[in-house]
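Trainee: File name target.tsv; file contents TSV, C-alpha atoms and all ligand atoms; full text below.
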```tsv
chain	number	residue	atom	x	y	z
A	1	MET	CA	-20.69	48.49	-68.11
A	2	LYS	CA	-21.29	50.49	-71.25
A	3	LEU	CA	-21.65	54.25	-71.67
A	4	ILE	CA	-24.09	54.84	-74.54
A	5	ARG	CA	-24.31	58.28	-76.15
A	6	ALA	CA	-27.82	59.60	-75.57
A	7	THR	CA	-29.95	61.11	-78.32
A	8	GLU	CA	-33.28	62.91	-78.21
A	9	ASP	CA	-34.97	59.50	-78.53
A	10	ASP	CA	-33.66	58.73	-75.04
A	11	MET	CA	-35.42	61.67	-73.40
A	12	PRO	CA	-38.13	59.48	-71.79
A	13	VAL	CA	-35.58	57.22	-70.10
A	14	LEU	CA	-33.42	60.19	-69.06
A	15	THR	CA	-36.49	61.90	-67.63
A	16	ALA	CA	-37.46	58.77	-65.70
A	17	ILE	CA	-33.97	58.50	-64.20
A	18	GLU	CA	-33.78	62.19	-63.31
A	19	GLU	CA	-37.26	62.00	-61.75
A	20	THR	CA	-35.92	59.60	-59.12
A	21	ALA	CA	-33.91	62.48	-57.60
A	22	ARG	CA	-36.75	65.00	-57.70
A	23	ASP	CA	-37.03	65.41	-53.93
A	24	LEU	CA	-33.34	65.57	-53.13
A	25	ILE	CA	-32.11	68.90	-51.81
A	26	VAL	CA	-28.56	67.82	-52.65
A	27	TYR	CA	-29.30	67.39	-56.37
A	28	ASN	CA	-30.07	69.98	-59.00
A	29	TRP	CA	-33.20	68.38	-60.36
A	30	GLY	CA	-35.49	69.61	-63.09
A	31	PHE	CA	-35.28	69.84	-66.86
A	32	THR	CA	-37.83	71.28	-69.22
A	33	ASP	CA	-37.99	69.32	-72.47
A	34	GLU	CA	-36.15	72.13	-74.23
A	35	GLU	CA	-33.40	72.19	-71.58
A	36	MET	CA	-32.99	68.45	-71.92
A	37	ARG	CA	-32.77	68.72	-75.72
A	38	GLN	CA	-30.12	71.40	-75.32
A	39	TRP	CA	-28.20	69.27	-72.80
A	40	ILE	CA	-28.12	66.33	-75.22
A	41	ARG	CA	-27.20	68.58	-78.16
A	42	ASP	CA	-24.53	70.73	-76.49
A	43	GLU	CA	-22.91	68.26	-74.12
A	44	THR	CA	-21.85	64.63	-74.15
A	45	VAL	CA	-24.61	62.75	-72.35
A	46	TYR	CA	-24.28	59.02	-71.74
A	47	LEU	CA	-26.77	56.46	-70.56
A	48	ILE	CA	-25.06	54.10	-68.14
A	49	GLU	CA	-25.87	50.52	-69.05
A	50	GLU	CA	-25.07	47.63	-66.75
A	51	ASP	CA	-25.93	44.05	-67.74
A	52	GLY	CA	-28.24	45.32	-70.47
A	53	VAL	CA	-30.18	47.64	-68.15
A	54	ILE	CA	-30.05	51.45	-68.15
A	55	VAL	CA	-29.14	52.32	-64.56
A	56	GLY	CA	-28.23	55.99	-64.76
A	57	ASP	CA	-26.68	58.80	-66.73
A	58	ILE	CA	-23.44	60.74	-66.75
A	59	SER	CA	-22.50	63.81	-68.77
A	60	TYR	CA	-19.79	66.34	-69.42
A	61	ARG	CA	-19.11	69.43	-71.44
A	62	VAL	CA	-15.87	70.68	-72.87
A	63	LYS	CA	-15.13	74.14	-71.45
A	64	ASP	CA	-11.76	74.65	-73.09
A	65	THR	CA	-9.15	72.66	-74.97
A	66	ASP	CA	-7.66	71.52	-71.67
A	67	TYR	CA	-10.70	71.75	-69.40
A	68	ALA	CA	-13.79	69.54	-69.11
A	69	TYR	CA	-16.72	69.79	-66.70
A	70	VAL	CA	-18.67	66.78	-65.46
A	71	SER	CA	-22.18	68.19	-65.50
A	72	GLY	CA	-24.21	65.24	-64.27
A	73	LEU	CA	-24.11	61.84	-62.61
A	74	ILE	CA	-27.04	59.86	-61.35
A	75	ILE	CA	-27.72	56.20	-60.60
A	76	ALA	CA	-31.35	55.14	-60.11
A	77	PRO	CA	-32.02	54.28	-56.44
A	78	GLU	CA	-32.54	50.55	-57.00
A	79	PHE	CA	-29.03	50.27	-58.46
A	80	GLN	CA	-27.19	52.46	-55.95
A	81	ARG	CA	-24.45	51.31	-53.58
A	82	ARG	CA	-23.09	48.70	-55.96
A	83	GLY	CA	-20.10	50.68	-57.16
A	84	LEU	CA	-21.79	51.72	-60.41
A	85	ALA	CA	-21.20	55.47	-60.04
A	86	ARG	CA	-17.56	54.80	-59.22
A	87	LYS	CA	-17.24	52.61	-62.30
A	88	ALA	CA	-18.98	55.11	-64.60
A	89	MET	CA	-16.82	57.99	-63.30
A	90	GLY	CA	-13.73	55.84	-63.85
A	91	MET	CA	-14.75	55.24	-67.46
A	92	LEU	CA	-15.50	58.92	-68.01
A	93	LEU	CA	-12.19	60.04	-66.51
A	94	GLU	CA	-10.41	57.59	-68.80
A	95	GLU	CA	-12.19	59.22	-71.76
A	96	LEU	CA	-11.18	62.67	-70.44
A	97	ARG	CA	-7.58	61.75	-69.70
A	98	GLU	CA	-6.21	64.24	-72.26
A	99	PHE	CA	-7.78	67.16	-70.38
A	100	ASP	CA	-5.45	68.83	-67.87
A	101	ARG	CA	-8.34	69.75	-65.62
A	102	VAL	CA	-11.72	68.22	-64.91
A	103	SER	CA	-14.19	69.96	-62.59
A	104	LEU	CA	-17.69	69.40	-61.27
A	105	ASP	CA	-19.99	70.84	-58.64
A	106	VAL	CA	-21.68	69.03	-55.82
A	107	HIS	CA	-23.79	69.89	-52.81
A	108	PRO	CA	-21.58	69.75	-49.70
A	109	ASP	CA	-23.95	67.27	-48.02
A	110	ASN	CA	-24.09	64.91	-51.00
A	111	HIS	CA	-22.34	61.60	-50.29
A	112	ALA	CA	-20.95	61.88	-53.84
A	113	VAL	CA	-18.32	64.24	-52.32
A	114	LYS	CA	-16.58	61.17	-50.87
A	115	LEU	CA	-16.68	59.42	-54.22
A	116	TYR	CA	-15.12	62.40	-55.97
A	117	GLU	CA	-12.45	62.83	-53.30
A	118	SER	CA	-11.51	59.19	-53.66
A	119	LEU	CA	-11.04	59.77	-57.40
A	120	GLY	CA	-8.65	62.67	-56.86
A	121	PHE	CA	-11.00	65.66	-56.94
A	122	VAL	CA	-10.32	68.41	-54.42
A	123	ALA	CA	-12.47	71.35	-53.40
A	124	SER	CA	-11.43	74.35	-55.49
A	125	GLY	CA	-14.26	76.76	-54.82
A	126	ARG	CA	-17.73	77.30	-53.48
A	127	GLU	CA	-20.89	78.87	-54.86
A	128	ASP	CA	-23.67	79.86	-52.49
A	129	ASN	CA	-26.53	79.64	-54.98
A	130	LEU	CA	-25.22	78.14	-58.21
A	131	TYR	CA	-28.58	76.84	-59.43
A	132	GLY	CA	-30.82	79.49	-57.92
A	133	ASP	CA	-32.27	77.00	-55.44
A	134	GLY	CA	-30.67	78.70	-52.44
A	135	GLN	CA	-28.41	75.68	-51.91
A	136	PRO	CA	-24.61	75.82	-51.83
A	137	ARG	CA	-22.31	73.86	-54.13
A	138	ILE	CA	-18.65	72.98	-53.82
A	139	ILE	CA	-16.61	73.12	-57.01
A	140	MET	CA	-14.24	70.16	-57.11
A	141	THR	CA	-11.33	69.86	-59.51
A	142	ARG	CA	-9.05	67.06	-60.57
A	143	GLU	CA	-5.78	68.13	-62.14
A	144	CYS	CA	-4.38	65.55	-64.50
A	145	ASP	CA	-1.02	64.34	-63.34
A	146	THR	CA	1.22	64.69	-66.42
A	147	LYS	CA	3.42	61.86	-65.24
A	148	GLU	CA	0.43	59.58	-64.79
A	149	ARG	CA	-0.64	60.42	-68.35
A	150	ASP	CA	2.86	59.82	-69.78
A	151	ASP	CA	3.10	56.51	-67.96
A	152	SER	CA	-0.11	55.26	-69.51
A	153	ILE	CA	1.16	55.78	-73.08
B	1	LIG	C1	-24.30	59.88	-55.78
B	1	LIG	C2	-24.67	58.62	-56.57
B	1	LIG	C3	-24.45	58.88	-58.05
B	1	LIG	C4	-23.79	57.47	-56.11
B	1	LIG	O1	-24.09	56.34	-56.90
B	1	LIG	P1	-23.75	54.85	-56.43
B	1	LIG	O2	-23.70	53.99	-57.66
B	1	LIG	O3	-24.65	54.45	-55.35
B	1	LIG	O4	-22.28	55.04	-55.85
B	1	LIG	P2	-21.20	53.90	-55.62
B	1	LIG	O5	-21.88	52.63	-55.20
B	1	LIG	O6	-20.31	53.84	-56.82
B	1	LIG	O7	-20.41	54.48	-54.37
B	1	LIG	C5	-19.31	55.32	-54.55
B	1	LIG	C6	-18.98	56.03	-53.26
B	1	LIG	O8	-19.94	57.04	-52.99
B	1	LIG	C7	-20.18	57.12	-51.58
B	1	LIG	N1	-21.58	56.75	-51.35
B	1	LIG	C8	-22.47	56.38	-52.29
B	1	LIG	N2	-23.67	56.18	-51.74
B	1	LIG	C9	-23.55	56.45	-50.42
B	1	LIG	C10	-24.46	56.45	-49.33
B	1	LIG	N3	-25.74	56.13	-49.47
B	1	LIG	N4	-23.98	56.79	-48.11
B	1	LIG	C11	-22.69	57.11	-47.96
B	1	LIG	N5	-21.77	57.13	-48.96
B	1	LIG	C12	-22.21	56.80	-50.16
B	1	LIG	C13	-19.24	56.17	-50.92
B	1	LIG	O9	-18.05	56.89	-50.64
B	1	LIG	C14	-18.99	55.16	-52.02
B	1	LIG	O10	-17.76	54.53	-51.90
B	1	LIG	P3	-17.64	53.14	-51.07
B	1	LIG	O11	-18.70	52.24	-51.65
B	1	LIG	O12	-16.25	52.71	-51.37
B	1	LIG	O13	-17.92	53.49	-49.66
B	1	LIG	C15	-26.15	58.22	-56.30
B	1	LIG	O14	-26.38	58.16	-54.91
B	1	LIG	C16	-27.17	59.16	-56.92
B	1	LIG	O15	-27.51	59.03	-58.10
B	1	LIG	N6	-27.68	60.15	-56.13
B	1	LIG	C17	-28.68	61.08	-56.63
B	1	LIG	C18	-28.11	62.01	-57.70
B	1	LIG	C19	-26.85	62.71	-57.20
B	1	LIG	O16	-26.82	63.26	-56.11
B	1	LIG	N7	-25.79	62.70	-58.07
B	1	LIG	C20	-24.54	63.34	-57.77
B	1	LIG	C21	-24.59	64.74	-58.22
B	1	LIG	S1	-23.04	65.59	-57.92
```
For the file at hand, write its structure as structure tokens.
Ligand SMILES: CC(C)(COP(=O)(O)OP(=O)(O)OC[C@H]1O[C@@H](n2cnc3c(N)ncnc32)[C@H](O)[C@@H]1OP(=O)(O)O)[C@@H](O)C(=O)NCCC(=O)NCCS

Mentor:
Amino acid sequence: MKLIRATEDDMPVLTAIEETARDLIVYNWGFTDEEMRQWIRDETVYLIEEDGVIVGDISYRVKDTDYAYVSGLIIAPEFQRRGLARKAMGMLLEELREFDRVSLDVHPDNHAVKLYESLGFVASGREDNLYGDGQPRIIMTRECDTKERDDSI
């Protein structure tokens, strides 16, 4: 698996991937072109490539020197349930290992909650209408274990 930094040239492929989740209540779908440009410019957005095929995207933004926020993760339906989201999150967390805290938000009914729990994220808050769609989100946070980080040096 490779995480490839997305540029504005990748907007068509990103749009196609995001479109696959259009009807999901548990996903915050919908970018205008300008919002997508801003996402690519202001955050770190990766295309997830597996065996030469773009299968999804994953992104984060730095909120503070010690705090990063995973802002997106999606795997296109035909590639789901093969461990690809788990693998991509593992790679991203490795990249973010110097951050003391990594957070994300997820709809409580999204099966991604289980994935995040298994990677050490715990519920740290709740927002009733984070994206203005009337749907709740759980904030999940993973505190970096200092010992774990020291051991890996
Ligand atoms: C959530 C999503 C990224 C998971 O991608 P994936 O590549 O299929 O996930 P994985 O195969 O790596 O599975 C990881 C874990 O997620 C959970 N999971 C994933 N799909 C599941 C499903 N259909 N039903 C139940 N649990 C599921 C399981 O706990 C799984 O672990 P396991 O295989 O050890 O049981 C994918 O379903 C998706 O893109 N959904 C639409 C967008 C979205 O909701 N993104 C998350 C936003 S927070």

Trainee: May I ask which of the residues A:Cys144, A:Val26, A:Leu119, A:Val62 is the closest one to ligand LIG 1 (chain B), counting all atoms listed in the file?

Mentor: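 Of all the options, A:Val26 lies closest to ligand LIG 1 (chain B).
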
Trainee: Of the candidates A:Pro136, A:Ala123, A:Thr15, A:Arg97, which one gets nearest to Asp57 (chain A) if we count all atoms listed in the file?

Mentor: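 Once distances to Asp57 (chain A) are computed over all atoms listed in the file, the minimum belongs to A:Thr15.
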
Trainee: Can you work out the spacing between CA of Val53 (chain A) and CA of Ala76 (chain A) in Å, to one decimal?

Mentor: 11.1 Å

Trainee: Got a sec to check which residues lie within 7 Å of ligand LIG 1 (chain B), using all atoms listed in the file, and send them as a PyMOL selection string?

Mentor: chain A and resi 21+26-27+72-77+79-87+105-107+110-112+114-115

Trainee: Please produce a file of those selected residues containing C-alpha atoms, as a compact mmCIF listing (two decimals), in the coordinates of the input.

Mentor:
```txt
# COMPACT_ATOMS: atom_id res chain seq x y z
CA ALA A 21 -33.91 62.48 -57.60
CA VAL A 26 -28.56 67.82 -52.65
CA TYR A 27 -29.30 67.39 -56.37
CA GLY A 72 -24.21 65.24 -64.27
CA LEU A 73 -24.11 61.84 -62.61
CA ILE A 74 -27.04 59.86 -61.35
CA ILE A 75 -27.72 56.20 -60.60
CA ALA A 76 -31.35 55.14 -60.11
CA PRO A 77 -32.02 54.28 -56.44
CA PHE A 79 -29.03 50.27 -58.46
CA GLN A 80 -27.19 52.46 -55.95
CA ARG A 81 -24.45 51.31 -53.58
CA ARG A 82 -23.09 48.70 -55.96
CA GLY A 83 -20.10 50.68 -57.16
CA LEU A 84 -21.79 51.72 -60.41
CA ALA A 85 -21.20 55.47 -60.04
CA ARG A 86 -17.56 54.80 -59.22
CA LYS A 87 -17.24 52.61 -62.30
CA ASP A 105 -19.99 70.84 -58.64
CA VAL A 106 -21.68 69.03 -55.82
CA HIS A 107 -23.79 69.89 -52.81
CA ASN A 110 -24.09 64.91 -51.00
CA HIS A 111 -22.34 61.60 -50.29
CA ALA A 112 -20.95 61.88 -53.84
CA LYS A 114 -16.58 61.17 -50.87
CA LEU A 115 -16.68 59.42 -54.22
```

Trainee: Give me the residues within 8 Å of Tyr116 (chain A) as a list in words, counting all atoms listed in the file and dropping any in the same chain fewer than 5 places off.

Mentor: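 Within the cut-off, the hits are Phe121, Val122 and Met140 of chain A.
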
Trainee: What's the 10 Å shell around Leu93 (chain A), counting all atoms listed in the file, without same-chain residues fewer than 2 positions away, as a list in words?

Mentor: Ala68, Val70, Lys87, Ala88, Met89, Gly90, Met91, Glu95, Leu96, Arg97, Glu98, Phe99, Val102, Leu119, Arg142 and Cys144 of chain A

Trainee: Using C-alpha atoms, can you export the residues from the last selection as a PDB file, in the coordinates of the input?

Mentor:
```pdb
ATOM      1  CA  ALA A  68     -13.790  69.540 -69.110  1.00  0.00           C
ATOM      2  CA  VAL A  70     -18.670  66.780 -65.460  1.00  0.00           C
ATOM      3  CA  LYS A  87     -17.240  52.610 -62.300  1.00  0.00           C
ATOM      4  CA  ALA A  88     -18.980  55.110 -64.600  1.00  0.00           C
ATOM      5  CA  MET A  89     -16.820  57.990 -63.300  1.00  0.00           C
ATOM      6  CA  GLY A  90     -13.730  55.840 -63.850  1.00  0.00           C
ATOM      7  CA  MET A  91     -14.750  55.240 -67.460  1.00  0.00           C
ATOM      8  CA  GLU A  95     -12.190  59.220 -71.760  1.00  0.00           C
ATOM      9  CA  LEU A  96     -11.180  62.670 -70.440  1.00  0.00           C
ATOM     10  CA  ARG A  97      -7.580  61.750 -69.700  1.00  0.00           C
ATOM     11  CA  GLU A  98      -6.210  64.240 -72.260  1.00  0.00           C
ATOM     12  CA  PHE A  99      -7.780  67.160 -70.380  1.00  0.00           C
ATOM     13  CA  VAL A 102     -11.720  68.220 -64.910  1.00  0.00           C
ATOM     14  CA  LEU A 119     -11.040  59.770 -57.400  1.00  0.00           C
ATOM     15  CA  ARG A 142      -9.050  67.060 -60.570  1.00  0.00           C
ATOM     16  CA  CYS A 144      -4.380  65.550 -64.500  1.00  0.00           C
TER      17      CYS A 144
END
```

Trainee: Using all atoms listed in the file, which protein or nucleic acid residues come within 6 Å of Tyr60 (chain A)? Drop anything in the same chain fewer than 6 positions from it, and give the result as a list in words.

Mentor: Glu43, Thr44, Tyr69, Val70 and Ser71 of chain A

Trainee: Excluding Asp33 (chain A) and residues on its chain fewer than 6 positions from it, collect all residues at most 10 Å away from it, counting all atoms listed in the file, and give them as a PyMOL selection string.

Mentor: chain A and resi 8+11-12+15+39

Trainee: When you look at Leu3 (chain A) with a cut-off of 9 Å (counting only C-alpha atoms), what residues show up, excluding the ones that are within fewer than 4 positions of it in the same chain? I need them as a PDB file with C-alpha atoms, in the frame of the given file.

Mentor:
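The result, written out as around-v1.pdb:
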```
ATOM      1  CA  TYR A  46     -24.280  59.020 -71.740  1.00  0.00           C
ATOM      2  CA  LEU A  47     -26.770  56.460 -70.560  1.00  0.00           C
ATOM      3  CA  ILE A  48     -25.060  54.100 -68.140  1.00  0.00           C
ATOM      4  CA  GLU A  49     -25.870  50.520 -69.050  1.00  0.00           C
ATOM      5  CA  GLU A  50     -25.070  47.630 -66.750  1.00  0.00           C
ATOM      6  CA  ASP A  57     -26.680  58.800 -66.730  1.00  0.00           C
ATOM      7  CA  ILE A  58     -23.440  60.740 -66.750  1.00  0.00           C
ATOM      8  CA  ALA A  88     -18.980  55.110 -64.600  1.00  0.00           C
ATOM      9  CA  MET A  91     -14.750  55.240 -67.460  1.00  0.00           C
ATOM     10  CA  LEU A  92     -15.500  58.920 -68.010  1.00  0.00           C
TER      11      LEU A  92
END
```

Trainee: Kindly give the distance, in Å, that separates CA of Glu19 (chain A) and CA of Ser124 (chain A), rounded to a single decimal.

Mentor: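 Those two atoms sit 29.3 Å apart.
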
Trainee: Looking at A:Asp51, A:Gly56, A:Ile4, A:Pro108, which one is nearest to Glu18 (chain A), with distances taken over all atoms listed in the file?

Mentor: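 Checking each candidate against Glu18 (chain A), we get A:Gly56 as the closest.
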
Trainee: Suppose you want the space between CA of Lys2 (chain A) and CA of Arg41 (chain A); what is it in Å?

Mentor: 20.2 Å

Trainee: With distances taken over all atoms listed in the file, which of A:Leu24, A:Glu34, A:Trp29, A:Glu94 is nearest to Gly132 (chain A)?

Mentor: A:Trp29

Trainee: Pick out the closest residue to Leu104 (chain A) from this set: A:Ile139, A:Glu78, A:Ser118, A:Gly125. Count only C-alpha atoms.

Mentor: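 Smallest separation from Leu104 (chain A) among the options: A:Ile139.
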
Trainee: Nearest to Val113 (chain A) among A:Gly134, A:Phe31, A:Arg101, A:Thr141, with distances taken over all atoms listed in the file: which residue is it?

Mentor: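 Of the candidates, the smallest distance to Val113 (chain A) is held by A:Thr141.
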
Trainee: Where atoms are absent from region 106-132 of chain A, fill them in so it carries N, CA and C atoms, then output it as a compact mmCIF listing (two decimals), in the coordinates of the input.

Mentor:
```txt
# COMPACT_ATOMS: atom_id res chain seq x y z
N VAL A 106 -20.92 69.99 -56.63
CA VAL A 106 -21.68 69.03 -55.82
C VAL A 106 -22.13 69.73 -54.54
N HIS A 107 -23.32 69.35 -54.09
CA HIS A 107 -23.79 69.89 -52.81
C HIS A 107 -22.89 69.35 -51.69
N PRO A 108 -22.51 70.22 -50.75
CA PRO A 108 -21.58 69.75 -49.70
C PRO A 108 -22.09 68.56 -48.89
N ASP A 109 -23.41 68.39 -48.81
CA ASP A 109 -23.95 67.27 -48.02
C ASP A 109 -24.21 66.02 -48.87
N ASN A 110 -23.85 66.07 -50.13
CA ASN A 110 -24.09 64.91 -51.00
C ASN A 110 -22.99 63.87 -50.74
N HIS A 111 -23.39 62.60 -50.56
CA HIS A 111 -22.34 61.60 -50.29
C HIS A 111 -21.44 61.38 -51.50
N ALA A 112 -21.82 61.96 -52.67
CA ALA A 112 -20.95 61.88 -53.84
C ALA A 112 -19.61 62.60 -53.59
N VAL A 113 -19.58 63.53 -52.63
CA VAL A 113 -18.32 64.24 -52.32
C VAL A 113 -17.22 63.22 -52.02
N LYS A 114 -17.57 62.21 -51.24
CA LYS A 114 -16.58 61.17 -50.87
C LYS A 114 -16.09 60.42 -52.10
N LEU A 115 -17.04 60.11 -52.98
CA LEU A 115 -16.68 59.42 -54.22
C LEU A 115 -15.67 60.26 -55.01
N TYR A 116 -16.00 61.55 -55.17
CA TYR A 116 -15.12 62.40 -55.97
C TYR A 116 -13.75 62.57 -55.32
N GLU A 117 -13.74 62.72 -53.99
CA GLU A 117 -12.45 62.83 -53.30
C GLU A 117 -11.60 61.59 -53.55
N SER A 118 -12.27 60.44 -53.50
CA SER A 118 -11.51 59.19 -53.66
C SER A 118 -10.96 59.04 -55.09
N LEU A 119 -11.52 59.83 -56.02
CA LEU A 119 -11.04 59.77 -57.40
C LEU A 119 -10.06 60.91 -57.71
N GLY A 120 -9.68 61.65 -56.68
CA GLY A 120 -8.65 62.67 -56.86
C GLY A 120 -9.16 64.09 -57.03
N PHE A 121 -10.46 64.29 -56.87
CA PHE A 121 -11.00 65.66 -56.94
C PHE A 121 -10.78 66.35 -55.59
N VAL A 122 -10.44 67.63 -55.65
CA VAL A 122 -10.32 68.41 -54.42
C VAL A 122 -11.16 69.68 -54.54
N ALA A 123 -11.64 70.14 -53.40
CA ALA A 123 -12.47 71.35 -53.40
C ALA A 123 -11.63 72.52 -53.93
N SER A 124 -12.18 73.24 -54.91
CA SER A 124 -11.43 74.35 -55.49
C SER A 124 -12.24 75.64 -55.45
N GLY A 125 -13.45 75.56 -54.91
CA GLY A 125 -14.26 76.76 -54.82
C GLY A 125 -15.61 76.45 -54.23
N ARG A 126 -16.40 77.49 -54.05
CA ARG A 126 -17.73 77.30 -53.48
C ARG A 126 -18.66 78.36 -54.06
N GLU A 127 -19.86 77.94 -54.36
CA GLU A 127 -20.89 78.87 -54.86
C GLU A 127 -22.08 78.76 -53.93
N ASP A 128 -22.58 79.91 -53.47
CA ASP A 128 -23.67 79.86 -52.49
C ASP A 128 -25.01 79.52 -53.10
N ASN A 129 -25.20 79.84 -54.38
CA ASN A 129 -26.53 79.64 -54.98
C ASN A 129 -26.39 79.38 -56.48
N LEU A 130 -25.60 78.39 -56.81
CA LEU A 130 -25.22 78.14 -58.21
C LEU A 130 -26.43 77.91 -59.10
N TYR A 131 -27.43 77.20 -58.58
CA TYR A 131 -28.58 76.84 -59.43
C TYR A 131 -29.85 77.63 -59.08
N GLY A 132 -29.66 78.65 -58.25
CA GLY A 132 -30.82 79.49 -57.92
C GLY A 132 -31.80 78.80 -56.99
```
